[in-house]
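Below is entry_35.cif, holding mmCIF, C-alpha atoms.
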data_entry
#
loop_
_atom_site.label_atom_id
_atom_site.label_comp_id
_atom_site.auth_asym_id
_atom_site.auth_seq_id
_atom_site.Cartn_x
_atom_site.Cartn_y
_atom_site.Cartn_z
CA MET A 122 120.06 87.95 115.80
CA THR A 123 120.16 84.22 115.06
CA LYS A 124 119.86 83.37 111.40
CA PRO A 125 116.66 81.37 110.70
CA VAL A 126 117.12 77.77 109.59
CA LEU A 127 116.12 76.79 106.06
CA GLN A 128 114.01 73.64 105.82
CA GLN A 129 113.98 71.65 102.58
CA PRO A 130 111.91 70.48 100.84
CA PHE A 131 109.06 72.88 101.62
CA HIS A 132 105.48 73.45 100.58
CA ALA A 133 104.13 75.82 97.95
CA LEU A 134 100.74 76.18 96.32
CA MET A 135 101.40 75.40 92.66
CA VAL A 136 99.15 76.31 89.73
CA ARG A 137 99.76 74.20 86.64
CA ARG A 138 98.30 74.05 83.15
CA SER A 139 98.17 70.71 81.36
CA GLU A 140 98.71 70.09 77.64
CA GLN A 141 94.90 70.04 77.40
CA CYS A 142 94.87 73.56 79.00
CA GLU A 143 93.29 72.26 82.20
CA ILE A 144 94.24 74.23 85.31
CA SER A 145 95.18 72.55 88.60
CA CYS A 146 95.98 74.16 91.92
CA ALA A 147 97.47 72.09 94.74
CA VAL A 148 100.14 72.08 97.44
CA GLU A 149 103.44 70.58 96.28
CA GLU A 150 106.89 70.05 97.74
CA ILE A 151 109.61 72.14 96.11
CA GLY A 152 113.19 73.07 96.87
CA LEU A 153 115.20 76.23 97.13
CA ASP A 154 116.60 75.75 93.62
CA ASP A 155 113.06 75.90 92.22
CA LEU A 156 112.55 79.49 93.36
CA PRO A 157 113.10 82.33 90.87
CA PRO A 158 116.30 84.41 91.11
CA GLY A 159 116.47 87.40 93.43
CA GLU A 160 118.65 89.13 95.99
CA VAL A 161 116.58 88.39 99.10
CA LEU A 162 115.30 85.07 100.43
CA ILE A 163 112.39 85.40 102.88
CA GLU A 164 110.84 82.82 105.19
CA VAL A 165 107.13 83.55 104.85
CA GLU A 166 105.08 83.70 108.02
CA PHE A 167 101.88 85.12 106.54
CA SER A 168 100.39 86.00 103.19
CA SER A 169 96.79 86.97 102.48
CA LEU A 170 94.02 86.07 100.04
CA ASN A 171 93.04 88.81 97.60
CA TYR A 172 90.78 88.81 94.54
CA LYS A 173 93.82 88.86 92.26
CA ASP A 174 95.11 85.75 94.05
CA ALA A 175 91.80 84.02 93.42
CA LEU A 176 92.16 84.73 89.71
CA ALA A 177 95.77 83.50 89.77
CA CYS A 178 94.73 80.24 91.42
CA GLN A 179 92.46 79.62 88.44
CA GLY A 180 95.19 80.43 85.95
CA HIS A 181 93.59 83.65 84.73
CA PRO A 182 95.66 84.91 81.76
CA GLY A 183 95.39 88.50 82.94
CA VAL A 184 97.35 87.58 86.08
CA VAL A 185 99.42 84.45 85.42
CA ARG A 186 102.04 85.00 82.73
CA LYS A 187 103.56 81.53 82.64
CA PHE A 188 103.15 78.12 84.24
CA PRO A 189 103.83 76.57 86.67
CA HIS A 190 103.01 79.45 88.99
CA VAL A 191 102.86 80.19 92.72
CA PRO A 192 100.20 82.84 93.61
CA GLY A 193 100.26 85.26 96.53
CA ILE A 194 100.57 88.99 95.82
CA ASP A 195 101.83 89.81 99.31
CA CYS A 196 103.77 88.24 102.15
CA ALA A 197 105.55 89.05 105.38
CA GLY A 198 108.23 87.21 107.29
CA ARG A 199 111.94 87.21 108.09
CA ILE A 200 114.98 87.31 105.85
CA LEU A 201 117.05 84.17 105.56
CA GLU A 202 119.62 85.33 103.03
CA SER A 203 120.35 88.76 101.59
CA GLY A 204 122.57 90.02 98.80
CA SER A 205 121.63 93.60 99.66
CA THR A 206 123.32 95.81 102.23
CA ASP A 207 119.86 97.22 103.08
CA PHE A 208 118.70 93.98 104.70
CA LEU A 209 120.22 91.41 107.03
CA PRO A 210 119.26 87.82 107.91
CA GLY A 211 116.63 87.90 110.63
CA ASP A 212 115.13 91.25 109.59
CA ALA A 213 111.35 91.35 109.62
CA VAL A 214 110.05 92.51 106.24
CA LEU A 215 107.02 92.62 103.97
CA VAL A 216 106.41 92.60 100.23
CA THR A 217 103.34 93.81 98.37
CA GLY A 218 102.80 94.46 94.69
CA TYR A 219 105.41 94.64 91.93
CA ALA A 220 105.28 91.30 90.08
CA LEU A 221 104.91 89.18 93.23
CA GLY A 222 102.29 86.50 92.61
CA SER A 223 101.79 87.50 88.98
CA GLY A 224 104.92 87.81 86.83
CA SER A 225 106.99 86.15 89.56
CA TRP A 226 106.25 83.39 92.06
CA GLY A 227 104.44 84.73 95.10
CA GLY A 228 103.78 84.36 98.78
CA TYR A 229 101.88 81.06 98.86
CA SER A 230 105.09 79.27 99.70
CA ALA A 231 107.16 78.65 102.80
CA TYR A 232 109.93 80.72 101.20
CA VAL A 233 110.08 83.41 98.52
CA ARG A 234 112.99 84.95 96.70
CA VAL A 235 112.57 88.51 95.39
CA GLN A 236 114.45 91.58 94.27
CA ALA A 237 115.67 93.77 97.13
CA GLU A 238 113.84 96.81 95.76
CA TRP A 239 110.52 95.03 96.37
CA VAL A 240 111.22 94.56 100.08
CA VAL A 241 109.95 96.91 102.79
CA ALA A 242 111.35 96.74 106.32
CA LEU A 243 108.56 96.00 108.78
CA PRO A 244 107.57 99.40 110.19
CA GLN A 245 107.88 99.89 113.93
CA GLY A 246 104.41 99.52 115.39
CA LEU A 247 103.34 96.49 113.34
CA THR A 248 103.94 92.79 113.86
CA VAL A 249 104.38 90.50 110.86
CA ARG A 250 100.82 89.24 111.27
CA GLU A 251 99.45 92.76 111.55
CA ALA A 252 101.29 93.75 108.38
CA MET A 253 99.36 91.06 106.51
CA THR A 254 96.13 91.98 108.28
CA PHE A 255 96.54 95.13 106.22
CA GLY A 256 98.37 93.46 103.34
CA THR A 257 97.68 94.52 99.77
CA ALA A 258 94.08 95.31 100.70
CA GLY A 259 95.05 97.76 103.43
CA PHE A 260 97.80 99.26 101.31
CA THR A 261 95.27 99.84 98.52
CA ALA A 262 92.63 101.27 100.87
CA ALA A 263 95.21 103.66 102.33
CA GLN A 264 96.19 104.81 98.84
CA CYS A 265 92.52 105.47 98.04
CA ILE A 266 92.03 107.60 101.14
CA GLY A 267 95.30 109.40 100.58
CA SER A 268 94.08 110.28 97.10
CA LEU A 269 90.84 111.71 98.50
CA GLN A 270 92.84 113.85 100.91
CA LEU A 271 95.18 114.96 98.12
CA HIS A 272 92.13 116.21 96.21
CA GLY A 273 90.91 118.24 99.17
CA ILE A 274 88.21 115.94 100.53
CA ARG A 275 87.98 116.71 104.25
CA PRO A 276 85.74 115.06 106.86
CA ASP A 277 83.37 118.05 106.88
CA ALA A 278 82.82 117.89 103.09
CA GLY A 279 80.00 115.36 103.34
CA GLU A 280 79.49 111.62 103.21
CA VAL A 281 82.01 109.27 101.59
CA VAL A 282 80.61 106.11 100.03
CA VAL A 283 82.55 102.82 99.95
CA THR A 284 81.47 100.03 97.61
CA GLY A 285 82.24 96.36 98.21
CA ALA A 286 82.36 97.31 101.87
CA THR A 287 82.64 93.78 103.30
CA GLY A 288 85.61 92.85 101.09
CA GLY A 289 89.24 93.28 102.04
CA VAL A 290 89.83 96.73 100.57
CA GLY A 291 86.31 97.92 101.30
CA SER A 292 86.22 96.91 104.96
CA ILE A 293 89.61 98.49 105.67
CA ALA A 294 88.56 101.64 103.80
CA VAL A 295 85.43 101.90 105.96
CA GLY A 296 87.49 101.49 109.13
CA LEU A 297 90.18 103.95 108.08
CA LEU A 298 87.74 106.63 106.92
CA ALA A 299 85.76 106.39 110.16
CA HIS A 300 89.00 106.48 112.16
CA LEU A 301 89.93 109.72 110.37
CA GLY A 302 86.58 111.34 111.13
CA TYR A 303 84.73 110.87 107.84
CA SER A 304 81.02 110.05 107.63
CA VAL A 305 80.97 106.71 105.83
CA VAL A 306 78.21 105.14 103.72
CA ALA A 307 78.92 101.43 103.22
CA VAL A 308 77.54 99.58 100.19
CA THR A 309 77.08 95.83 100.45
CA GLY A 310 75.11 92.94 99.06
CA LYS A 311 75.42 91.15 102.39
CA PRO A 312 72.80 92.66 104.73
CA GLU A 313 73.76 90.11 107.38
CA LYS A 314 77.10 91.97 107.73
CA ALA A 315 75.45 95.25 108.73
CA GLU A 316 76.54 95.00 112.36
CA GLN A 317 80.12 94.30 111.31
CA LEU A 318 80.15 97.41 109.13
CA THR A 319 78.64 99.49 111.91
CA GLN A 320 81.38 98.33 114.28
CA LEU A 321 83.96 99.38 111.69
CA GLY A 322 82.45 102.86 111.77
CA ALA A 323 79.92 103.03 108.92
CA GLN A 324 77.18 105.53 109.73
CA ARG A 325 74.87 104.33 106.98
CA ILE A 326 74.58 101.04 105.11
CA ILE A 327 72.89 100.79 101.71
CA ALA A 328 72.22 97.97 99.24
CA ARG A 329 74.07 97.45 95.97
CA SER A 330 70.91 98.31 94.06
CA GLU A 331 71.16 101.90 95.30
CA VAL A 332 74.39 102.40 93.33
CA ASP A 333 73.34 100.58 90.16
CA ASP A 334 71.48 103.12 88.06
CA THR A 335 71.20 101.74 84.51
CA SER A 336 69.67 104.86 82.97
CA ASP A 337 71.56 106.95 80.41
CA LYS A 338 71.23 110.12 82.49
CA PRO A 339 74.52 112.06 82.37
CA PHE A 340 73.92 113.27 85.96
CA LEU A 341 72.18 111.84 88.99
CA PRO A 342 71.20 113.72 92.17
CA VAL A 343 74.22 114.51 94.36
CA ARG A 344 74.57 112.04 97.23
CA TRP A 345 78.16 112.19 98.52
CA SER A 346 81.34 114.20 98.45
CA ALA A 347 83.65 111.35 97.52
CA ALA A 348 83.93 107.60 97.14
CA VAL A 349 86.18 104.57 97.35
CA ASP A 350 85.03 102.16 94.66
CA THR A 351 86.28 98.57 94.69
CA VAL A 352 83.74 97.28 92.16
CA GLY A 353 83.92 99.14 88.84
CA GLY A 354 81.47 98.77 85.97
CA ASN A 355 78.05 100.39 86.22
CA THR A 356 78.49 100.84 89.97
CA LEU A 357 81.42 103.18 89.32
CA SER A 358 79.37 105.00 86.68
CA THR A 359 76.52 105.50 89.16
CA ILE A 360 78.90 106.70 91.86
CA LEU A 361 80.56 109.23 89.55
CA ARG A 362 77.23 110.62 88.36
CA SER A 363 76.16 111.02 92.01
CA THR A 364 79.27 112.76 93.34
CA ASP A 365 79.19 116.39 94.42
CA HIS A 366 80.98 119.30 92.76
CA ARG A 367 84.76 119.01 93.02
CA GLY A 368 84.41 115.56 94.56
CA CYS A 369 86.81 112.67 94.08
CA VAL A 370 86.25 108.97 93.41
CA ALA A 371 89.18 106.61 94.04
CA ALA A 372 88.74 103.47 91.93
CA CYS A 373 90.71 100.28 92.56
CA GLY A 374 88.63 97.32 91.37
CA MET A 375 86.63 95.91 88.48
CA VAL A 376 84.87 92.82 89.78
CA ALA A 377 81.62 94.21 88.28
CA GLY A 378 83.22 94.96 84.92
CA HIS A 379 86.00 96.87 83.20
CA GLU A 380 83.82 99.13 81.08
CA LEU A 381 82.69 102.57 82.26
CA PRO A 382 79.35 103.61 80.73
CA LEU A 383 78.99 107.37 81.19
CA THR A 384 79.60 110.75 79.56
CA VAL A 385 82.30 113.27 80.38
CA PHE A 386 79.72 115.56 82.04
CA PRO A 387 80.57 114.65 85.68
CA PHE A 388 84.19 115.57 84.98
CA ILE A 389 83.80 118.83 83.07
CA LEU A 390 80.57 120.22 84.57
CA ARG A 391 80.85 119.07 88.20
CA GLY A 392 84.64 118.91 88.24
CA VAL A 393 84.63 115.37 89.66
CA THR A 394 88.01 113.63 89.74
CA LEU A 395 88.35 109.93 88.95
CA ALA A 396 91.54 108.79 90.67
CA GLY A 397 92.83 105.41 89.55
CA ILE A 398 94.70 103.45 92.21
CA ASP A 399 97.51 101.16 91.07
CA SER A 400 98.96 99.37 94.07
CA ALA A 401 101.40 97.07 92.30
CA GLN A 402 103.56 99.78 90.76
CA CYS A 403 103.32 102.41 93.50
CA PRO A 404 106.74 104.15 93.64
CA ARG A 405 108.94 103.35 96.60
CA GLU A 406 108.86 106.71 98.40
CA PRO A 407 105.05 106.93 98.70
CA ARG A 408 104.96 103.18 99.35
CA LEU A 409 107.13 103.59 102.44
CA ALA A 410 105.12 106.62 103.54
CA ILE A 411 101.88 104.63 103.35
CA TRP A 412 103.29 101.81 105.47
CA ASP A 413 104.53 104.33 108.03
CA ARG A 414 101.00 105.72 108.22
CA LEU A 415 99.47 102.27 108.64
CA ALA A 416 101.94 101.56 111.44
CA GLY A 417 101.32 104.96 113.01
CA ASP A 418 98.26 107.16 113.25
CA TRP A 419 96.32 105.06 110.69
CA ASN A 420 96.86 101.82 112.61
CA ILE A 421 93.44 100.20 113.05
CA VAL A 422 94.50 96.55 113.28
CA LYS A 423 92.68 96.09 116.60
CA LYS A 424 89.47 97.23 114.95
CA LEU A 425 90.10 94.82 112.06
CA GLU A 426 90.92 91.78 114.20
CA PRO A 427 87.29 90.48 114.34
CA LEU A 428 87.38 90.32 110.52
CA VAL A 429 90.54 88.20 110.36
CA ARG A 430 90.79 84.44 110.03
CA GLU A 431 93.71 82.19 109.15
CA ILE A 432 93.84 79.33 106.65
CA SER A 433 96.53 76.91 105.49
CA LEU A 434 97.86 76.60 101.95
CA SER A 435 95.77 73.48 101.38
CA GLU A 436 92.60 75.43 102.23
CA VAL A 437 93.24 78.16 99.66
CA PRO A 438 91.47 76.48 96.68
CA ARG A 439 88.26 76.14 98.70
CA GLU A 440 88.41 79.78 99.80
CA VAL A 441 89.11 80.86 96.22
CA SER A 442 85.89 79.24 95.06
CA ALA A 443 83.99 80.99 97.85
CA MET A 444 85.60 84.35 97.05
CA LEU A 445 84.78 84.16 93.35
CA ALA A 446 81.20 83.27 94.29
CA GLY A 447 80.98 86.39 96.49
CA GLN A 448 80.78 84.35 99.70
CA THR A 449 83.78 85.69 101.62
CA SER A 450 84.32 88.83 103.65
CA GLY A 451 86.96 90.53 105.76
CA ARG A 452 90.60 89.46 105.76
CA ILE A 453 91.88 85.94 105.15
CA LEU A 454 95.47 85.27 106.16
CA VAL A 455 97.36 82.39 104.53
CA CYS A 456 99.85 80.51 106.71
CA PRO A 457 102.37 78.47 104.67
CA GLU A 458 103.12 74.95 105.85
CA LYS A 459 106.79 74.14 106.30
#
Final structure tokens representation of the file:
Amino acid sequence: MTKPVLQQPFHALMVRRSEQCEISCAVEEIGLDDLPPGEVLIEVEFSSLNYKDALACQGHPGVVRKFPHVPGIDCAGRILESGSTDFLPGDAVLVTGYALGSGSWGGYSAYVRVQAEWVVALPQGLTVREAMTFGTAGFTAAQCIGSLQLHGIRPDAGEVVVTGATGGVGSIAVGLLAHLGYSVVAVTGKPEKAEQLTQLGAQRIIARSEVDDTSDKPFLPVRWSAAVDTVGGNTLSTILRSTDHRGCVAACGMVAGHELPLTVFPFILRGVTLAGIDSAQCPREPRLAIWDRLAGDWNIVKKLEPLVREISLSEVPREVSAMLAGQTSGRILVCPEK
């Protein structure tokens, strides 16, 4: 295979903090020597926009550890240079999680340099674009559903509720659960997206207010067998108090808050399991298994295609503002400019 040609200088989306602690986010030209050290150099074809990326673009201290910084917690492309015997120039690969886009410069760049242990060979059955159609969001959704299955939640157990259902993780979770035969209840604050959720496979669609019980009741009437929660806060509390005996709730987000106001009663009297999902540090063996699933019998990229749109690096700041205002949905792919 012909070795790809490196073009210098190249574009990256750079987040900077001034001496007055003002944050800026703009496309800049950088060179290969500016990239952090690593064993593998990748020419990025696609990245994606996730909530964590939106925070990084605004210099959020919980995500960005030092400045200047390049966001982008996932990417896919082809290897240009490799110091690892596991990968060769020209290999199609993807990277999600670890410190990409947080502790280390990320995928919003024409090229990235990372440690070899972060790199996953593109699974047979997925193109580079399709890998980022799933991206971190799909990887997280798949982990959530795998956790439900691990805890014995089968399609005949009852409804599974998904919060934040029009977001990246939520929409893929709805599609995957429906694909696997589960009866899905989708929660959204965007009633205009009801048809989209139905096409993904949701059998029922409910408003956010239906999973926002602010009472101090330790239990609520049982409504579902399990849940994928991308929201956190009081929504997660409501979901847990409404889950059936021996049910499981996979939690992967906290856009509605990091506190969890509830008692231990759902856990010790109903036997409900709260399964935390940590995508960034998922060990390598299950990481590879998840990607094999997404490339195989969990491959729903054709179903997801109507939700996908592409933007350039220079359009990211605008989309970040929309995402943080709750005005985006589906999957947004980022295409670096050379």
Item to check | Reference answer for the PyMOL selection byres ((chain A and resi 222) around 9), as a ChimeraX atom specification | outcome: /A:173-174,177,184-185,190-195,218-221,223-229
Item to check | Pick from A:Cys142, A:Ala328, A:Leu134, A:Val233 nearest to Leu162 (chain A), counting all atoms listed in the file | outcome: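 Of all the options, A:Val233 lies closest to Leu162 (chain A).
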Item to check | Residue members of the PyMOL selection byres ((chain A and resi 321) around 7) in the file shown, as a PyMOL selection string | outcome: chain A and resi 295-296+317-320+322-323+424
Item to check | Residues near Phe388 (chain A), cut-off 10 Å, all atoms listed in the file, skip fewer than 2 positions along chain, as a VMD selection string | outcome: chain A and resid 361 to 362 366 to 369 384 to 386 390 to 395
Next on the checklist: As an exercise, work out the distance from CA of Leu409 (chain A) to CA of Cys456 (chain A) in Å and give it to one decimal place.
Outcome noted: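 Computing the Euclidean distance for CA of Leu409 (chain A) and CA of Cys456 (chain A) yields 24.6 Å.
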Checklist entry - Which neighbours of Ile453 (chain A) fall inside 9 Å, counting all atoms listed in the file, when residues of the same chain fewer than 3 positions from it are skipped, and could you give them as a ChimeraX atom specification? => result /A:168-171,254,289,428-432,440,449-450
Checklist outcome for this item: With distances taken over all atoms listed in the file, the candidate from A:Ala213, A:Ile266, A:Ala278, A:Ala396 nearest Arg414 (chain A) is A:Ile266
Quick one: apply the PyMOL selection byres ((chain A and resi 343) around 9) to the file and drop the selected residues here as a CSV table (one decimal) with C-alpha atoms, in the frame of the given file.
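As written to disk, selection23.csv reads:
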chain,number,residue,atom,x,y,z
A,340,PHE,CA,73.9,113.3,86.0
A,341,LEU,CA,72.2,111.8,89.0
A,342,PRO,CA,71.2,113.7,92.2
A,344,ARG,CA,74.6,112.0,97.2
A,345,TRP,CA,78.2,112.2,98.5
A,346,SER,CA,81.3,114.2,98.4
A,362,ARG,CA,77.2,110.6,88.4
A,363,SER,CA,76.2,111.0,92.0
A,364,THR,CA,79.3,112.8,93.3
A,365,ASP,CA,79.2,116.4,94.4
A,366,HIS,CA,81.0,119.3,92.8
Item to check | Point-to-point distance from CA of Glu406 (chain A) to CA of Leu297 (chain A), Å rounded to tenths | outcome: 21.2 Å
Item to check | Nearest residue to Thr248 (chain A) from the set A:Arg234, A:Arg199, A:His300, A:Arg275 (distances using all atoms listed in the file) | outcome: A:Arg199
Next on the checklist: Applying 7 Å and only C-alpha atoms, which residues near Thr257 (chain A) remain after dropping the ones on its own chain fewer than 2 positions away? List them as number ranges by chain.
Outcome noted: A: 195, 217, 255, 259-261
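Take CA of Met135 (chain A) and CA of Ala147 (chain A): the distance between them is 5.5 Å.
With all atoms listed in the file as the atoms that count, the minimum distance from Gly302 (chain A) to the choices A:Trp419, A:Gly374, A:Lys187, A:Val235 is reached by A:Trp419.
With all atoms listed in the file as the atoms that count, the residue of A:Pro158, A:Gly291, A:Pro438, A:Gly256 with the shortest distance to Ile144 (chain A) is A:Pro438.
The smallest atom-to-atom distance between Glu458 (chain A) and any of A:Gly183, A:Gly204, A:Pro130, A:Pro157, using only C-alpha atoms, is found for A:Pro130.
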Using all atoms of region 181-188 of chain A that appear in the file, construct an axis-aligned enclosing box with 6 Å of padding on every side and provide its centre coordinates and edge lengths in Å, rounded to one decimal, as AutoDock Vina command-line options.
--center_x 98.6 --center_y 83.3 --center_z 83.9 --size_x 22.0 --size_y 22.4 --size_z 16.3
Next on the checklist: Just want the 10 Å neighbourhood of Leu445 (chain A), counted on all atoms listed in the file, with same-chain residues fewer than 4 positions away dropped. Output as a list in words.
Outcome noted: Tyr172, Ala175, Leu176, Val376, Glu440, Val441 and Thr449 of chain A
Checklist entry - At a cut-off of 9 Å from (112.7, 84.2, 103.1) in the coordinates of the file, what residues are picked up using only C-alpha atoms, written as a list in words? => result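 Counting only C-alpha atoms, I find these residues within 9 Å of (112.7, 84.2, 103.1): Leu127, Val161, Leu162, Ile163, Glu164, Val165, Ala197, Gly198, Arg199, Ile200, Leu201, Glu202, Pro210, Ala231, Tyr232, Val233, Arg234 and Val235 of chain A.
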What would region 317-346 of chain A look like with N, CA and C atoms in place, written as a PDB file, in the coordinates of the input?
ATOM      1  N   GLN A 317      78.666  94.252 111.494  1.00  0.00           N
ATOM      2  CA  GLN A 317      80.120  94.300 111.310  1.00  0.00           C
ATOM      3  C   GLN A 317      80.548  95.636 110.733  1.00  0.00           C
ATOM      4  N   LEU A 318      79.821  96.126 109.743  1.00  0.00           N
ATOM      5  CA  LEU A 318      80.150  97.410 109.130  1.00  0.00           C
ATOM      6  C   LEU A 318      79.925  98.571 110.092  1.00  0.00           C
ATOM      7  N   THR A 319      78.891  98.456 110.900  1.00  0.00           N
ATOM      8  CA  THR A 319      78.640  99.490 111.910  1.00  0.00           C
ATOM      9  C   THR A 319      79.780  99.542 112.919  1.00  0.00           C
ATOM     10  N   GLN A 320      80.266  98.384 113.326  1.00  0.00           N
ATOM     11  CA  GLN A 320      81.380  98.330 114.280  1.00  0.00           C
ATOM     12  C   GLN A 320      82.662  98.904 113.684  1.00  0.00           C
ATOM     13  N   LEU A 321      82.807  98.786 112.355  1.00  0.00           N
ATOM     14  CA  LEU A 321      83.960  99.380 111.690  1.00  0.00           C
ATOM     15  C   LEU A 321      83.857 100.895 111.633  1.00  0.00           C
ATOM     16  N   GLY A 322      82.623 101.411 111.749  1.00  0.00           N
ATOM     17  CA  GLY A 322      82.450 102.860 111.770  1.00  0.00           C
ATOM     18  C   GLY A 322      81.507 103.410 110.723  1.00  0.00           C
ATOM     19  N   ALA A 323      80.870 102.532 109.915  1.00  0.00           N
ATOM     20  CA  ALA A 323      79.920 103.030 108.920  1.00  0.00           C
ATOM     21  C   ALA A 323      78.728 103.669 109.608  1.00  0.00           C
ATOM     22  N   GLN A 324      78.335 104.852 109.156  1.00  0.00           N
ATOM     23  CA  GLN A 324      77.180 105.530 109.730  1.00  0.00           C
ATOM     24  C   GLN A 324      75.885 105.170 109.010  1.00  0.00           C
ATOM     25  N   ARG A 325      76.023 104.806 107.731  1.00  0.00           N
ATOM     26  CA  ARG A 325      74.870 104.330 106.980  1.00  0.00           C
ATOM     27  C   ARG A 325      75.276 103.129 106.150  1.00  0.00           C
ATOM     28  N   ILE A 326      74.334 102.221 105.923  1.00  0.00           N
ATOM     29  CA  ILE A 326      74.580 101.040 105.110  1.00  0.00           C
ATOM     30  C   ILE A 326      73.480 100.961 104.052  1.00  0.00           C
ATOM     31  N   ILE A 327      73.878 100.849 102.785  1.00  0.00           N
ATOM     32  CA  ILE A 327      72.890 100.790 101.710  1.00  0.00           C
ATOM     33  C   ILE A 327      73.153  99.563 100.841  1.00  0.00           C
ATOM     34  N   ALA A 328      72.135  99.154 100.095  1.00  0.00           N
ATOM     35  CA  ALA A 328      72.220  97.970  99.240  1.00  0.00           C
ATOM     36  C   ALA A 328      72.912  98.298  97.919  1.00  0.00           C
ATOM     37  N   ARG A 329      73.420  97.276  97.274  1.00  0.00           N
ATOM     38  CA  ARG A 329      74.070  97.450  95.970  1.00  0.00           C
ATOM     39  C   ARG A 329      73.139  98.109  94.960  1.00  0.00           C
ATOM     40  N   SER A 330      71.868  97.781  95.040  1.00  0.00           N
ATOM     41  CA  SER A 330      70.910  98.310  94.060  1.00  0.00           C
ATOM     42  C   SER A 330      70.840  99.830  94.079  1.00  0.00           C
ATOM     43  N   GLU A 331      71.215 100.446  95.205  1.00  0.00           N
ATOM     44  CA  GLU A 331      71.160 101.900  95.300  1.00  0.00           C
ATOM     45  C   GLU A 331      72.303 102.595  94.562  1.00  0.00           C
ATOM     46  N   VAL A 332      73.290 101.827  94.118  1.00  0.00           N
ATOM     47  CA  VAL A 332      74.390 102.400  93.330  1.00  0.00           C
ATOM     48  C   VAL A 332      74.515 101.644  92.007  1.00  0.00           C
ATOM     49  N   ASP A 333      73.358 101.314  91.438  1.00  0.00           N
ATOM     50  CA  ASP A 333      73.340 100.580  90.160  1.00  0.00           C
ATOM     51  C   ASP A 333      72.268 101.163  89.251  1.00  0.00           C
ATOM     52  N   ASP A 334      72.421 102.431  88.930  1.00  0.00           N
ATOM     53  CA  ASP A 334      71.480 103.120  88.060  1.00  0.00           C
ATOM     54  C   ASP A 334      71.835 102.821  86.604  1.00  0.00           C
ATOM     55  N   THR A 335      70.928 102.160  85.886  1.00  0.00           N
ATOM     56  CA  THR A 335      71.200 101.740  84.510  1.00  0.00           C
ATOM     57  C   THR A 335      70.675 102.728  83.469  1.00  0.00           C
ATOM     58  N   SER A 336      70.169 103.872  83.918  1.00  0.00           N
ATOM     59  CA  SER A 336      69.670 104.860  82.970  1.00  0.00           C
ATOM     60  C   SER A 336      70.844 105.513  82.228  1.00  0.00           C
ATOM     61  N   ASP A 337      70.518 106.245  81.157  1.00  0.00           N
ATOM     62  CA  ASP A 337      71.560 106.950  80.410  1.00  0.00           C
ATOM     63  C   ASP A 337      71.663 108.420  80.819  1.00  0.00           C
ATOM     64  N   LYS A 338      71.157 108.742  82.012  1.00  0.00           N
ATOM     65  CA  LYS A 338      71.230 110.120  82.490  1.00  0.00           C
ATOM     66  C   LYS A 338      72.686 110.515  82.718  1.00  0.00           C
ATOM     67  N   PRO A 339      73.121 111.651  82.181  1.00  0.00           N
ATOM     68  CA  PRO A 339      74.520 112.060  82.370  1.00  0.00           C
ATOM     69  C   PRO A 339      74.824 112.452  83.819  1.00  0.00           C
ATOM     70  N   PHE A 340      73.780 112.921  84.543  1.00  0.00           N
ATOM     71  CA  PHE A 340      73.920 113.270  85.960  1.00  0.00           C
ATOM     72  C   PHE A 340      72.850 112.552  86.756  1.00  0.00           C
ATOM     73  N   LEU A 341      73.158 112.317  88.021  1.00  0.00           N
ATOM     74  CA  LEU A 341      72.180 111.840  88.990  1.00  0.00           C
ATOM     75  C   LEU A 341      72.215 112.809  90.174  1.00  0.00           C
ATOM     76  N   PRO A 342      71.185 112.830  91.014  1.00  0.00           N
ATOM     77  CA  PRO A 342      71.200 113.720  92.170  1.00  0.00           C
ATOM     78  C   PRO A 342      72.452 113.505  93.031  1.00  0.00           C
ATOM     79  N   VAL A 343      73.023 114.581  93.520  1.00  0.00           N
ATOM     80  CA  VAL A 343      74.220 114.510  94.360  1.00  0.00           C
ATOM     81  C   VAL A 343      73.915 113.775  95.659  1.00  0.00           C
ATOM     82  N   ARG A 344      74.799 112.828  96.018  1.00  0.00           N
ATOM     83  CA  ARG A 344      74.570 112.040  97.230  1.00  0.00           C
ATOM     84  C   ARG A 344      75.772 112.028  98.173  1.00  0.00           C
ATOM     85  N   TRP A 345      76.965 112.268  97.673  1.00  0.00           N
ATOM     86  CA  TRP A 345      78.160 112.190  98.520  1.00  0.00           C
ATOM     87  C   TRP A 345      79.262 113.069  97.979  1.00  0.00           C
ATOM     88  N   SER A 346      80.231 113.333  98.835  1.00  0.00           N
ATOM     89  CA  SER A 346      81.340 114.200  98.450  1.00  0.00           C
ATOM     90  C   SER A 346      82.455 113.434  97.764  1.00  0.00           C
TER      91      SER A 346
END
